[in-house]
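Before any comments, here is the structure.
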Amino acid sequence: MTAVSCQKNSTSGNGSNLYDSATAYTPTNISYGDDPRQIMDVYLPAHRSSGLTKVFVLIHGGGWSEGDKSDFGDLFNALKGLYPDHAIVNLDYRLGTSTRPGYPKQINDIQSAIDQIQLAKYSLSKQYFLLGASAGGHLAMLYAYAFDDHHYVKGICNTVGPSDLTDPAYTDNILYWPILINLFGNVTYIQNPTLYEEVSPAKRVTPSSPPTISFYGDSDPLIPSSQMGRLQDALQVKGVYHEATMYNGAGHGNWNPTQTQDYVTKIANFINSYF
């Protein structure tokens with residue numbers, strides 16, 4: 001995908017005052033923390049206001065240990081064209097390793113980025129729609145269900161995101177361990193089942209969780225097909241509105257043209273209905 005990267009805190013638009021709310025800007029690599037990975041690209045629409053301008057937040061995937069905001073460069077540009085009056089935030093976050101796992105630092109990074117864009121100088125509302133893929137889908141759901149204390153997140157689009165890490169399809173399959181170790185560190189389910197529940201979005205759903213739309217492939221080598229059902233069951237029990245699609249013969253987000261059109265249409269309809 002097309003990368004969105006320029007010099008730190010650079011801007012695009014007419015004029016030099018990034019915080020002139022009458023003008024549209026696309027500042028890139030804005031720091032929201034001290035680590036080099038704690039940066040974000042932002043689209044700020046013209047005539048934005050703290051009371052009205054809603055915000056999309058994009059969270060890339062990569063097994064909690066890889067990936068980059070440039071992976072969502074095409075989506076960033078597509079949303080900018082489709083929703084020119086909404087702001088868009090495309091995050092990088094600190095990556096996980098077996099010795100420095102992704103949890104909880106990646107959740108903390110999402111919070112820090114949101115804290116940054118809530119500053120008055122950005123002139124944005126506190127209404128967010130999270131879009132995440134793979135590990136980013138997991139992080140989007142986990143943040144919204146368990147850590148968004150003020151319920152600012154109004155909707156989630158989850159694409160092939162792990163939803164329940166206590167699923168035997170994960171815990172009983174050693175092939176997933178090289179990936180999960182980057183989220184949990186060197187801690188198995190048997191050693192600490194409470195941790196695995198804590199980091200499973202399906203275990204953190206509440207009646208006030210935001211509407212969620214999800215997409216999976218039944219031939220995904222990284223995400224067990226049972227993950228969609230476990231998420232649906234949890235949302236259903238708590239009375240949370242949800243939609244979910246399982247694409248036949250599809251893998252890890254690599255939909256065919258017909259599925260891709262269905263995917264795009266369903267996301268747009270969901271956003272238009274709930275955001």
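Letters A, B, ... go to the chains of the structure tokens in the order shown; residues in each chain start at 1; ligands are counted from 1 in the same order.
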
Shell around Thr99 (chain A) at 12 Å using only C-alpha atoms, local window under 3 positions removed, as a PDB file with N, CA and C atoms, in the first residue's frame:
ATOM      1  N   SER A  65       3.782  -7.572  16.563  1.00  0.00           N
ATOM      2  CA  SER A  65       5.247  -7.450  16.537  1.00  0.00           C
ATOM      3  C   SER A  65       5.773  -6.818  15.257  1.00  0.00           C
ATOM      4  N   LEU A  95       5.917  -1.936  19.169  1.00  0.00           N
ATOM      5  CA  LEU A  95       5.753  -3.329  18.803  1.00  0.00           C
ATOM      6  C   LEU A  95       6.141  -4.251  19.963  1.00  0.00           C
ATOM      7  N   GLY A  96       5.543  -5.435  19.968  1.00  0.00           N
ATOM      8  CA  GLY A  96       5.788  -6.382  21.040  1.00  0.00           C
ATOM      9  C   GLY A  96       6.860  -7.399  20.690  1.00  0.00           C
ATOM     10  N   GLY A 102       3.411  -6.913  23.796  1.00  0.00           N
ATOM     11  CA  GLY A 102       2.539  -5.839  23.343  1.00  0.00           C
ATOM     12  C   GLY A 102       1.535  -5.371  24.373  1.00  0.00           C
ATOM     13  N   TYR A 103       1.097  -6.270  25.245  1.00  0.00           N
ATOM     14  CA  TYR A 103       0.141  -5.884  26.275  1.00  0.00           C
ATOM     15  C   TYR A 103       0.873  -5.628  27.577  1.00  0.00           C
ATOM     16  N   ILE A 181       3.304 -15.034  21.726  1.00  0.00           N
ATOM     17  CA  ILE A 181       4.345 -14.647  22.678  1.00  0.00           C
ATOM     18  C   ILE A 181       4.656 -13.153  22.582  1.00  0.00           C
ATOM     19  N   ASN A 182       4.380 -12.558  21.406  1.00  0.00           N
ATOM     20  CA  ASN A 182       4.626 -11.127  21.241  1.00  0.00           C
ATOM     21  C   ASN A 182       3.563 -10.270  21.919  1.00  0.00           C
ATOM     22  N   LEU A 183       2.429 -10.876  22.225  1.00  0.00           N
ATOM     23  CA  LEU A 183       1.369 -10.175  22.955  1.00  0.00           C
ATOM     24  C   LEU A 183       1.487 -10.400  24.452  1.00  0.00           C
ATOM     25  N   PHE A 184       1.690 -11.647  24.846  1.00  0.00           N
ATOM     26  CA  PHE A 184       1.676 -12.016  26.262  1.00  0.00           C
ATOM     27  C   PHE A 184       3.055 -12.062  26.905  1.00  0.00           C
ATOM     28  N   GLY A 185       4.119 -12.180  26.099  1.00  0.00           N
ATOM     29  CA  GLY A 185       5.405 -12.524  26.660  1.00  0.00           C
ATOM     30  C   GLY A 185       5.462 -14.031  26.857  1.00  0.00           C
ATOM     31  N   ASN A 186       6.445 -14.497  27.525  1.00  0.00           N
ATOM     32  CA  ASN A 186       6.660 -15.940  27.694  1.00  0.00           C
ATOM     33  C   ASN A 186       5.785 -16.499  28.817  1.00  0.00           C
ATOM     34  N   VAL A 187       4.459 -16.357  28.618  1.00  0.00           N
ATOM     35  CA  VAL A 187       3.481 -16.810  29.609  1.00  0.00           C
ATOM     36  C   VAL A 187       2.426 -17.639  28.886  1.00  0.00           C
TER      37      VAL A 187
END

Open item on the list: Among region 169-218 of chain A, which residues does DSSP mark as helix (DSSP H, G or I) when it is run on the backbone? Keep the chain and numbering as in the structure and answer as a list in words.
Closed with: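 Filtering region 169-218 of chain A down to helix (DSSP H, G or I) leaves Ala169, Tyr170, Thr171, Ile174, Leu175, Tyr176, Trp177, Pro178, Ile179, Leu180, Ile181, Asn182, Leu183, Phe184, Pro193, Thr194, Leu195, Tyr196, Glu197, Glu198, Pro201, Ala202 and Lys203 of chain A.
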
Polymer residues at most 10 Å from Arg204 (chain A), only C-alpha atoms, same-chain spacing of 3 or more positions, as an mmCIF file with C-alpha atoms, in the first residue's frame:
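Dumped everything to selection-v8.cif:
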data_model
loop_
_atom_site.group_PDB
_atom_site.id
_atom_site.type_symbol
_atom_site.label_atom_id
_atom_site.label_comp_id
_atom_site.auth_asym_id
_atom_site.auth_seq_id
_atom_site.Cartn_x
_atom_site.Cartn_y
_atom_site.Cartn_z
ATOM 1 C CA MET A 141 -11.947 -4.174 20.259
ATOM 2 C CA LEU A 142 -9.958 -4.580 23.465
ATOM 3 C CA TYR A 143 -9.513 -0.841 23.880
ATOM 4 C CA ALA A 144 -13.153 -0.045 23.178
ATOM 5 C CA TYR A 145 -14.636 -2.835 25.302
ATOM 6 C CA ALA A 146 -12.330 -2.626 28.308
ATOM 7 C CA PHE A 147 -10.463 0.689 28.426
ATOM 8 C CA SER A 163 -11.370 -12.054 19.775
ATOM 9 C CA ASP A 164 -10.851 -14.803 22.359
ATOM 10 C CA GLU A 197 -9.058 -13.627 29.637
ATOM 11 C CA GLU A 198 -8.023 -10.048 30.394
ATOM 12 C CA VAL A 199 -6.579 -9.631 26.897
ATOM 13 C CA SER A 200 -9.503 -11.306 25.085
ATOM 14 C CA PRO A 201 -12.012 -8.745 23.733
ATOM 15 C CA SER A 209 -19.816 -1.745 24.304
ATOM 16 C CA ALA A 234 -20.372 -12.474 23.645
ATOM 17 C CA LEU A 235 -21.944 -9.462 21.926
#

Task: d(CA of Asn269 (chain A), CA of Leu165 (chain A)) in Å - done: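 For CA of Asn269 (chain A) relative to CA of Leu165 (chain A), the distance reads 29.5 Å.
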
- [ ] Find the distance between CA of Ile39 (chain A) and CA of Ser98 (chain A) and write it in Å to one decimal.
- [x] 22.7 Å

- [ ] Go ahead and compute the interatomic distance for CA of Gly137 (chain A) and CA of Gly51 (chain A), in Å to one decimal.
- [x] 27.3 Å
